[in-house]
Amino acid sequence: MSLRTGVSAAKNEVEQSPQDLTAQEGEFITINCSYSVGISVLHWLQQYPGGGIVSLFMLSSGKKKHGRLIATINIQEKHSSLHITASHPRDSAIYICAVRHSAPQAPGART
């Protein structure tokens, strides 16, 4: 089984690892996403070869679970992880970490 990762953000603002991963059926898999910008929400997305993109999770805090998938986020450390338990060949896909920036702050008044 082969997994690939991708990033959806401006250059150098989001880093995902590992970039490529080969796993055996039944393994526990972790994909990490680190970001350097303030965000309001982080998305974990999945794309099968030749298919559309599917939203797995939308996170702004804590942890979410759906079946064998668990996503966590730590806003203070600017880090998120996607965990796949008991991996299966149908998990072979591209996994994408995408962030939505926090609303920009209004510039301070100058005198």
# chains A, B, ... in the order shown; residues from 1 in each chain; ligands from 1
>>> select_by_dssp(residues="chain A", states="strand (DSSP E or B)", output="JSON, numbers by chain")
{"A": [2, 3, 4, 5, 6, 7, 8, 14, 15, 16, 17, 20, 21, 22, 29, 30, 31, 32, 33, 34, 35, 39, 40, 41, 42, 43, 44, 45, 46, 47, 53, 54, 55, 56, 57, 58, 59, 62, 63, 64, 65, 66, 69, 70, 71, 72, 73, 74, 79, 80, 81, 82, 83, 84, 94, 95, 96, 97, 98, 99, 100, 101]}
>>> closest_residue(among="A:Asn32, A:Ser40, A:Ser17, A:Gln46", to="Ser81 of chain A", atoms="only C-alpha atoms")
A:Asn32
>>> atom_distance(atom1="atom CA of Gln76 of chain A", atom2="atom CA of Ile53 of chain A")
28.2 Å
>>> residues_around(residues="Leu82 of chain A", least_positions_apart="3", cutoff="6 Å", atoms="only C-alpha atoms", output="ChimeraX atom specification")
/A:30-31,70-71
>>> closest_residue(among="A:Leu56, A:Ala93, A:Ala98, A:Ile73", to="Thr22 of chain A", atoms="only C-alpha atoms")
A:Ala93
>>> residues_around(residues="Val99 of chain A", least_positions_apart="5", cutoff="12 Å", atoms="only C-alpha atoms", output="number ranges by chain")
A: 7-10, 13-16, 33-45, 57-60, 73, 75, 78-80
>>> residues_around(residues="Gly26 of chain A", least_positions_apart="4", cutoff="8 Å", atoms="only C-alpha atoms", output="short mmCIF file (atom, residue, chain, number, x, y, z; two decimals) with N, CA and C atoms, in the first residue's frame")
data_model
loop_
_atom_site.label_atom_id
_atom_site.label_comp_id
_atom_site.auth_asym_id
_atom_site.auth_seq_id
_atom_site.Cartn_x
_atom_site.Cartn_y
_atom_site.Cartn_z
N THR A 85 -5.46 3.76 11.80
CA THR A 85 -5.23 2.51 12.52
C THR A 85 -5.60 1.33 11.62
N ALA A 86 -4.90 0.23 11.80
CA ALA A 86 -5.17 -0.99 11.03
C ALA A 86 -5.31 -0.68 9.54
N SER A 87 -4.23 -0.13 8.98
CA SER A 87 -4.27 0.30 7.57
C SER A 87 -4.72 -0.84 6.65
N HIS A 88 -5.34 -0.41 5.55
CA HIS A 88 -5.94 -1.33 4.59
C HIS A 88 -5.59 -0.84 3.18
#
>>> atom_distance(atom1="atom CA of Gly51 of chain A", atom2="atom CA of Ser102 of chain A")
29.7 Å
>>> atom_distance(atom1="atom CA of Glu27 of chain A", atom2="atom CA of Ser61 of chain A")
26.3 Å
